[in-house]
Structure formats: C-alpha cells, structure tokens
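Undergrad: Just passing along the structure, written as structure tokens.
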Amino acid sequence: MKPKRAIATEQIHHPYQPPEGWAAMPVGVFKASTVLFKDTADLHTYRPRDGQSYRYGLHGTPTSYTLAARLATLEGAEHCLLTPSGLSAVTLVSLGLLSPGDEVLIPDNVYGQNRHLCTGFLPRLGISHRVYDPLDVPAFEAMLGEKTRLVWLEAAGSITLEFPDLVGLIRACKARGITTALDNTWGAGVAFQPFDLLPDREPGFGVDISMQALTKYPSGGADVLMGAVYTREQALHDRLNDCHEHLGYGLGQNDVELVLRGLPTLELRYRAQDASTRQLARWMQAQPQVAQVLHPALPGSPGHAHWCELSRGGAACLFSAVFQPQYTAAQVDAFVDALELFGIGYSWAGPMSLAVPYNMSRSRSLALPYAAGHIVRFALGLESADDLQADLAQALRRLG
C-alpha cells in the first residue's frame, strides 16, 4: 500500500481516470493551460497546430478544435482559426497579411472598427489604406495599384446594408493577384457560400478569406464574444496561423461550449429572424414617416440585384429605416426611446430586438446611396413579429 499523501497532492495526482467509451451529444469541455506529455520524448516531438495534436491550452483543446472544424464546414472552408472577438478576427487578417509599404482597400460601408484599425493603428506600421465605393466596380478597378495587397469586402454593408457586386470586385482582384477578405458575419454561412459564390457557373470561385463575428449568429445568445477566420488555401492558413500564435489569441472553453450549443439552431434562428425582418421592413416602407427602407431583399434597396444573384434565400435580421428629412436627430432619438420591445444597444442576432440611431456623417467619406434623412438600424430578435410591429406603430405615432 502506498504511503498516504497530503490532501493537495492526492487531489492533483488522484489515480481515478474516467473510462473510455463515454458518448454524448454535447462536446466535452476541456479546460487547460498545461497539456501533459507522456514522457520527455513526447515533449520534444514537434506538434503542429493541425487540430489533431495538443501542446498548450492556448493553441487549442478538443473542445475548440471541434468548434473550428464545424465552423469550417458551415463556411465551406478547409481551415478555421478562432479568435476572442470579431474585431480580433479582422485584426488577425490585416496584421497577418500586411507589411510596411502595403496598402489595404476598404469599402465605405465597412464595419466601423475595421475602419478605425485602418485609420488609427495600421498607419503606425507603415500600412496605408484607401476607401472605395462597393457599388462601383469600374472605379474600384481603377484604384487597384502595385501596393494593394488586401481588399476587404462587406456583404451586406454595415448599417446601410448595400449589397456589393461581390463577383465583379473579386474578379478584379483575382486578375491582379490581390487577396480578398470578406466580413461574412451577416451571411453567417447561410445566405451564400463565400468560397463558392457561383456553384453552377464557376465552382470554387469566391473569396480568399472569410471571417465572422461568432458573437452574432453562431452564438445567438448575446452572451459570447468570439470570432473566426476561414481559408481554403494551406499557405494562406499557415501565414495567418503563425500570426495567430504571435498575437497569443486564446479562448475560454466555456465560451466555446456556448457557441457549439448554438450551432445546431443557427439556420433555424437565421430563417426565423429573416422572416420577421422582411415583414417589418415591408411594413415600414409603407409608413409616411419613412423615406426609404434599406434591406438587400427589397427591390430598390442598393445592391438588390447582386443579392439576388448570389443568395440562397437568406437575408439576416437587419434593416435600416431612413426617416423623412423634416425629422430632426432629436425627434428620431425620441422615436427610438419610445420603443418598448427594442433594446438600445450594439450587436445583433440575439434573442432581443435592438434599435440604434446613427449619424452616418461620422462613419462615411463618400456619398451615401440613400435618401436624405436620419437613419435607424433595427436588428430583429425572436419576439413575435406582430408584437414588434405594434411597438413600431406606437412609437411612430409619437413621432407624428
């Protein structure tokens, strides 16, 4: 019989190990910083970050590798890197691919924090940027130069929801060997396949990189911050993977568990919120206080034809309403304050509907492609669409 050890020693080196053969639908949550090796020979053996081997908790566990593999399947990718937030995923792509002297192009409707990265941080590294009109492919082509190394795409655009001519923009970049990266948070792997945009005409034609804020649809609970970067090409993945390791991106495995839990209902939630969004977007079009409704599935919305070309029927949970120009910013703010079922807050794709007024003059540098007036972006949750419509109606009555 072994001598009795101290309580702390016994708890750390307890002989019990769970038996093999445990099977359940939920993925096990493996938390670790230290990963134990069998012996020193195992310690000295090179372990690639390939989703099959482990060396330190920061670089992956069975839980996070499972999530990455399932997300890659969702996006039609070969590789997926997980990051602590959507913004960190954007940052990974730009830092991983750009060097001093390089130029990145961003659409005028890019996610605001991506714009701030390009204007505030990348210049300190000697990386320049220019802004392009996502609806003007000829003008975009004329901007591509010898220093252009990366082009960001946004479909649909942030806040104003223009849907760009992705095919035309990507074709122009491919002709010049320029890498394309798409923020596909809106599409979520449901609206269209970013790596295979024209499956019937040109199989395999698509972006080089896709990224998502998993904070949105994959989570669905408004309780997780996480991002992902997807690729098909091994060399591109290796380059981003190397940067990922240098940046020290890590994830809490309980957060990974929550996103894994959300994935099986992702498409159901996407379709349900999409249906509610279209109902309310069409209803808002008919209201006299509203000058224009922006939603890719609505005829007349900027880029509608491009959405029709690529869409597999999905259009997410967002629409924006441009109010008639006689209404002041204070009046539109009062309308938002009068809403009872819409929270006021950023993000979207959670269970609660949200409404946020925006001053677009602060976040755009080119002409806005919609009617004059103050704008409110709505993110539809999982409430009854009829209840949300009644709430909008009572708030509009107060607007007059």
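How things are named: the first chain in the structure tokens is A, the next is B, and so on; residues count from 1 in each chain; ligands count from 1 in the order shown.
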Residues near range 56-72 of chain A, anyone? I mean within 8 Å using only C-alpha atoms, not counting same-chain ones fewer than 2 positions away, as a PyMOL selection string.
TA: chain A and resi 27-35+49+51+54+74-82+230+245+248-251+253+256-257+259-260
Undergrad: Would you write out, as CSV, a table of all residues in range 168-203 of chain A that have an atom no more than 12 Å from an atom of range 95-114 of chain A, listing for each the closest atom pair and the distance in Å to one decimal, considering only C-alpha atoms and ordering rows by chain and rising residue number?
TA:
residue,atom,partner,partner_atom,distance
A:Leu169,CA,A:Pro107,CA,10.8
A:Cys173,CA,A:Leu105,CA,11.0
A:Ile178,CA,A:Val104,CA,9.9
A:Thr179,CA,A:Leu97,CA,8.9
A:Thr180,CA,A:Leu105,CA,9.7
A:Ala181,CA,A:Ile106,CA,10.0
A:Leu182,CA,A:Val110,CA,10.2
A:Asp183,CA,A:Tyr111,CA,8.4
A:Asn184,CA,A:Tyr111,CA,11.1
A:Thr185,CA,A:Tyr111,CA,10.3
A:Trp186,CA,A:Tyr111,CA,11.1
Undergrad: Emit the selected residues as a PDB file, in the first residue's frame, including C-alpha atoms.
TA:
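To be explicit, this is the file written out as selection.pdb:
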ATOM      1  CA  LEU A 169     -14.976  43.018 -57.103  1.00  0.00           C
ATOM      2  CA  CYS A 173      -8.720  41.301 -57.518  1.00  0.00           C
ATOM      3  CA  ILE A 178      -4.722  40.617 -54.734  1.00  0.00           C
ATOM      4  CA  THR A 179      -6.061  38.820 -51.653  1.00  0.00           C
ATOM      5  CA  THR A 180      -9.717  39.327 -50.782  1.00  0.00           C
ATOM      6  CA  ALA A 181     -11.192  39.087 -47.287  1.00  0.00           C
ATOM      7  CA  LEU A 182     -14.942  39.127 -46.668  1.00  0.00           C
ATOM      8  CA  ASP A 183     -16.689  40.033 -43.440  1.00  0.00           C
ATOM      9  CA  ASN A 184     -19.374  37.354 -43.672  1.00  0.00           C
ATOM     10  CA  THR A 185     -20.981  37.943 -40.283  1.00  0.00           C
ATOM     11  CA  TRP A 186     -24.251  38.978 -41.987  1.00  0.00           C
TER      12      TRP A 186
END
Undergrad: Write out as a PyMOL selection string all residues of range 178-306 of chain A that backbone DSSP assigns to helix (DSSP H, G or I).
TA: chain A and resi 234-247+253-285+304-306
Undergrad: How would the residues just picked look written out with N, CA and C atoms as a compact mmCIF listing (two decimals), in the first residue's frame?
TA:
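Generated output (result.txt):
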# COMPACT_ATOMS: atom_id res chain seq x y z
N GLN A 234 -3.84 26.22 -48.01
CA GLN A 234 -2.97 25.87 -46.90
C GLN A 234 -1.95 26.95 -46.60
N ALA A 235 -1.33 27.51 -47.64
CA ALA A 235 -0.29 28.52 -47.42
C ALA A 235 -0.86 29.76 -46.75
N LEU A 236 -2.05 30.16 -47.15
CA LEU A 236 -2.68 31.32 -46.53
C LEU A 236 -3.03 31.03 -45.08
N HIS A 237 -3.55 29.84 -44.84
CA HIS A 237 -3.86 29.44 -43.46
C HIS A 237 -2.61 29.44 -42.59
N ASP A 238 -1.51 28.91 -43.12
CA ASP A 238 -0.27 28.84 -42.34
C ASP A 238 0.22 30.23 -41.96
N ARG A 239 0.09 31.17 -42.89
CA ARG A 239 0.54 32.53 -42.62
C ARG A 239 -0.30 33.17 -41.52
N LEU A 240 -1.61 32.98 -41.59
CA LEU A 240 -2.49 33.53 -40.56
C LEU A 240 -2.31 32.79 -39.23
N ASN A 241 -2.09 31.51 -39.32
CA ASN A 241 -1.89 30.70 -38.12
C ASN A 241 -0.65 31.16 -37.36
N ASP A 242 0.40 31.49 -38.10
CA ASP A 242 1.63 31.98 -37.48
C ASP A 242 1.37 33.29 -36.75
N CYS A 243 0.63 34.20 -37.39
CA CYS A 243 0.30 35.47 -36.74
C CYS A 243 -0.59 35.25 -35.52
N HIS A 244 -1.53 34.33 -35.66
CA HIS A 244 -2.44 33.98 -34.56
C HIS A 244 -1.64 33.57 -33.32
N GLU A 245 -0.59 32.78 -33.53
CA GLU A 245 0.22 32.34 -32.40
C GLU A 245 1.01 33.50 -31.80
N HIS A 246 1.55 34.38 -32.65
CA HIS A 246 2.31 35.52 -32.15
C HIS A 246 1.43 36.47 -31.34
N LEU A 247 0.18 36.62 -31.75
CA LEU A 247 -0.73 37.51 -31.04
C LEU A 247 -1.23 36.91 -29.73
N GLN A 253 -12.95 28.12 -22.70
CA GLN A 253 -13.61 26.94 -23.26
C GLN A 253 -15.11 26.89 -22.94
N ASN A 254 -15.54 27.58 -21.89
CA ASN A 254 -16.98 27.67 -21.65
C ASN A 254 -17.65 28.52 -22.71
N ASP A 255 -16.96 29.53 -23.22
CA ASP A 255 -17.48 30.31 -24.34
C ASP A 255 -17.56 29.45 -25.60
N VAL A 256 -16.52 28.65 -25.82
CA VAL A 256 -16.54 27.73 -26.96
C VAL A 256 -17.73 26.79 -26.85
N GLU A 257 -17.99 26.30 -25.65
CA GLU A 257 -19.14 25.41 -25.43
C GLU A 257 -20.44 26.09 -25.83
N LEU A 258 -20.59 27.38 -25.48
CA LEU A 258 -21.83 28.08 -25.80
C LEU A 258 -22.03 28.23 -27.30
N VAL A 259 -20.96 28.49 -28.03
CA VAL A 259 -21.08 28.60 -29.49
C VAL A 259 -21.40 27.23 -30.09
N LEU A 260 -20.76 26.19 -29.58
CA LEU A 260 -21.10 24.83 -30.05
C LEU A 260 -22.58 24.53 -29.81
N ARG A 261 -23.10 24.98 -28.69
CA ARG A 261 -24.51 24.75 -28.38
C ARG A 261 -25.42 25.52 -29.34
N GLY A 262 -24.95 26.68 -29.80
CA GLY A 262 -25.77 27.48 -30.69
C GLY A 262 -25.79 27.01 -32.12
N LEU A 263 -24.77 26.29 -32.57
CA LEU A 263 -24.67 25.92 -33.98
C LEU A 263 -25.84 25.10 -34.51
N PRO A 264 -26.35 24.10 -33.78
CA PRO A 264 -27.45 23.31 -34.36
C PRO A 264 -28.71 24.11 -34.67
N THR A 265 -28.92 25.22 -33.99
CA THR A 265 -30.12 26.03 -34.24
C THR A 265 -29.83 27.27 -35.08
N LEU A 266 -28.60 27.39 -35.58
CA LEU A 266 -28.22 28.60 -36.30
C LEU A 266 -29.14 28.86 -37.49
N GLU A 267 -29.32 27.87 -38.35
CA GLU A 267 -30.13 28.12 -39.55
C GLU A 267 -31.59 28.36 -39.19
N LEU A 268 -32.10 27.66 -38.20
CA LEU A 268 -33.49 27.90 -37.78
C LEU A 268 -33.67 29.34 -37.31
N ARG A 269 -32.73 29.81 -36.48
CA ARG A 269 -32.82 31.18 -35.99
C ARG A 269 -32.64 32.18 -37.12
N TYR A 270 -31.70 31.90 -38.01
CA TYR A 270 -31.45 32.79 -39.14
C TYR A 270 -32.72 32.95 -39.97
N ARG A 271 -33.36 31.83 -40.32
CA ARG A 271 -34.57 31.88 -41.15
C ARG A 271 -35.72 32.57 -40.41
N ALA A 272 -35.87 32.28 -39.13
CA ALA A 272 -36.97 32.88 -38.37
C ALA A 272 -36.79 34.39 -38.25
N GLN A 273 -35.59 34.83 -37.92
CA GLN A 273 -35.34 36.26 -37.79
C GLN A 273 -35.41 36.96 -39.15
N ASP A 274 -34.98 36.28 -40.18
CA ASP A 274 -35.09 36.80 -41.55
C ASP A 274 -36.55 37.06 -41.91
N ALA A 275 -37.42 36.10 -41.61
CA ALA A 275 -38.85 36.25 -41.95
C ALA A 275 -39.46 37.44 -41.21
N SER A 276 -39.16 37.58 -39.93
CA SER A 276 -39.68 38.72 -39.17
C SER A 276 -39.14 40.03 -39.72
N THR A 277 -37.87 40.03 -40.09
CA THR A 277 -37.24 41.25 -40.61
C THR A 277 -37.89 41.70 -41.91
N ARG A 278 -38.15 40.76 -42.79
CA ARG A 278 -38.78 41.13 -44.07
C ARG A 278 -40.19 41.66 -43.84
N GLN A 279 -40.93 41.04 -42.91
CA GLN A 279 -42.28 41.52 -42.62
C GLN A 279 -42.25 42.97 -42.15
N LEU A 280 -41.37 43.27 -41.22
CA LEU A 280 -41.33 44.62 -40.67
C LEU A 280 -40.70 45.62 -41.64
N ALA A 281 -39.73 45.16 -42.43
CA ALA A 281 -39.12 46.07 -43.42
C ALA A 281 -40.16 46.49 -44.45
N ARG A 282 -40.96 45.54 -44.91
CA ARG A 282 -42.01 45.88 -45.89
C ARG A 282 -43.05 46.81 -45.25
N TRP A 283 -43.40 46.54 -44.00
CA TRP A 283 -44.38 47.38 -43.31
C TRP A 283 -43.85 48.80 -43.13
N MET A 284 -42.59 48.92 -42.75
CA MET A 284 -42.00 50.25 -42.56
C MET A 284 -41.95 51.03 -43.86
N GLN A 285 -41.80 50.34 -44.99
CA GLN A 285 -41.79 51.03 -46.28
C GLN A 285 -43.08 51.84 -46.50
N HIS A 304 -29.63 45.30 -54.55
CA HIS A 304 -30.61 44.21 -54.52
C HIS A 304 -30.33 43.17 -55.59
N ALA A 305 -29.99 43.60 -56.80
CA ALA A 305 -29.75 42.66 -57.89
C ALA A 305 -28.56 41.76 -57.59
N HIS A 306 -27.54 42.30 -56.94
CA HIS A 306 -26.37 41.48 -56.60
C HIS A 306 -26.72 40.44 -55.55
Undergrad: Could you pull out all residues of range 27-103 of chain A with a DSSP call of strand (DSSP E) and give them as a list in words?
TA: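 In range 27-103 of chain A, DSSP puts these residues in strand (DSSP E): His79, Cys80, Leu81, Leu82, Thr83 and Glu103 of chain A.
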Undergrad: Can I get the selected residues back with C-alpha atoms, as a compact mmCIF listing (two decimals), in the first residue's frame?
TA:
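Heads up, here's the output in selection_9.txt:
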# COMPACT_ATOMS: atom_id res chain seq x y z
CA HIS A 79 -9.37 25.78 -42.17
CA CYS A 80 -10.73 27.88 -39.32
CA LEU A 81 -8.90 29.93 -36.70
CA LEU A 82 -10.81 31.05 -33.62
CA THR A 83 -10.23 34.47 -32.06
CA GLU A 103 -1.96 49.21 -48.98
Undergrad: Give me the residues within 8 Å of Leu161 in chain A as a VMD selection string, counting only C-alpha atoms and dropping any in the same chain fewer than 4 places off.
TA: chain A and resid 109 155 to 157 294 to 296 302 319 to 320
Undergrad: For the selection just defined, write its residues with C-alpha atoms to a file, as a PDB file, in the first residue's frame.
TA:
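What landed in part.pdb:
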ATOM      1  CA  ASN A 109     -19.663  50.740 -45.690  1.00  0.00           C
ATOM      2  CA  ALA A 155     -21.821  41.942 -47.700  1.00  0.00           C
ATOM      3  CA  ALA A 156     -24.156  43.417 -46.771  1.00  0.00           C
ATOM      4  CA  GLY A 157     -22.585  46.715 -45.762  1.00  0.00           C
ATOM      5  CA  LEU A 294     -32.629  49.546 -46.653  1.00  0.00           C
ATOM      6  CA  HIS A 295     -32.668  45.743 -46.853  1.00  0.00           C
ATOM      7  CA  PRO A 296     -30.933  43.664 -49.567  1.00  0.00           C
ATOM      8  CA  PRO A 302     -28.910  49.398 -53.103  1.00  0.00           C
ATOM      9  CA  PHE A 319     -32.863  46.502 -41.837  1.00  0.00           C
ATOM     10  CA  SER A 320     -32.392  50.247 -41.643  1.00  0.00           C
TER      11      SER A 320
END
Undergrad: With distances taken over only C-alpha atoms, which residue among A:Met143, A:Ile170, A:Met360, A:Leu382 lies nearest His129 in chain A?
TA: A:Met143
Undergrad: Could you list, with a cut-off of 12 Å and counting only C-alpha atoms, the residues of range 273-360 of chain A near range 207-228 of chain A, each shown with its nearest atom pair and the distance in Å rounded to one decimal, rows sorted by chain and ascending number, as a tab-separated table?
TA:
residue	atom	partner	partner_atom	distance
A:Gln273	CA	A:Tyr217	CA	10.4
A:Asp274	CA	A:Tyr217	CA	11.8
A:Ala316	CA	A:Tyr217	CA	9.2
A:Cys317	CA	A:Tyr217	CA	9.7
A:Leu318	CA	A:Lys216	CA	11.8
A:Gly345	CA	A:Ala222	CA	11.0
A:Tyr346	CA	A:Ala222	CA	10.2
A:Ser347	CA	A:Lys216	CA	7.0
A:Trp348	CA	A:Lys216	CA	5.9
A:Ala349	CA	A:Lys216	CA	5.1
A:Gly350	CA	A:Gly220	CA	4.7
A:Pro351	CA	A:Gly221	CA	6.4
A:Met352	CA	A:Ala222	CA	8.5
A:Ser353	CA	A:Ala222	CA	10.9
A:Leu354	CA	A:Ala222	CA	11.4
Undergrad: What does the distance between CA of Glu383 in chain A and CA of Tyr358 in chain A come to in Å, to one decimal place?
TA: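 Distance reported for this atom pair: 23.6 Å.
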Undergrad: Quick one: everything within 7 Å of range 365-375 of chain A, counting only C-alpha atoms, minus sequence neighbours fewer than 2 positions away in the same chain. Send it as a compact mmCIF listing (two decimals) with C-alpha atoms, in the first residue's frame.
TA:
# COMPACT_ATOMS: atom_id res chain seq x y z
CA ASP A 108 -17.05 52.87 -47.48
CA ALA A 291 -38.37 57.92 -46.70
CA GLN A 292 -36.60 54.64 -47.50
CA PRO A 302 -28.91 49.40 -53.10
CA SER A 320 -32.39 50.25 -41.64
CA ALA A 321 -35.02 52.95 -41.95
CA VAL A 322 -34.23 56.40 -43.31
CA PHE A 323 -36.69 58.91 -41.86
CA GLN A 324 -38.19 61.78 -43.81
CA PRO A 325 -35.81 64.76 -43.86
CA ALA A 329 -31.98 63.87 -34.96
CA PRO A 357 -29.84 55.63 -34.47
CA TYR A 358 -26.71 56.54 -36.43
CA SER A 363 -18.54 56.98 -40.45
CA ARG A 377 -30.82 50.32 -37.81
Undergrad: Compile the contact shell of Phe205 in chain A as a PyMOL selection string: residues with an atom at most 7 Å away, counting only C-alpha atoms, same-chain residues fewer than 4 positions apart removed.
TA: chain A and resi 195-198
Undergrad: Filtering to N, CA and C atoms, could you give me those residues as a CSV table (one decimal), in the first residue's frame?
TA:
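Writing done, so here's again27.csv:
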chain,number,residue,atom,x,y,z
A,195,PHE,N,-16.8,31.0,-50.4
A,195,PHE,CA,-15.8,30.3,-51.2
A,195,PHE,C,-16.3,29.7,-52.5
A,196,ASP,N,-17.6,29.7,-52.6
A,196,ASP,CA,-18.2,29.1,-53.8
A,196,ASP,C,-19.5,29.9,-54.2
A,197,LEU,N,-19.2,31.1,-54.7
A,197,LEU,CA,-20.3,32.1,-54.9
A,197,LEU,C,-21.2,31.7,-56.1
A,198,LEU,N,-20.6,31.0,-57.1
A,198,LEU,CA,-21.3,30.7,-58.4
A,198,LEU,C,-21.2,29.2,-58.6
Undergrad: Find the distance between CA of Trp152 in chain A and CA of Pro134 in chain A and write it in Å to one decimal.
TA: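 Spanning CA of Trp152 in chain A to CA of Pro134 in chain A is a straight-line distance of 10.1 Å.
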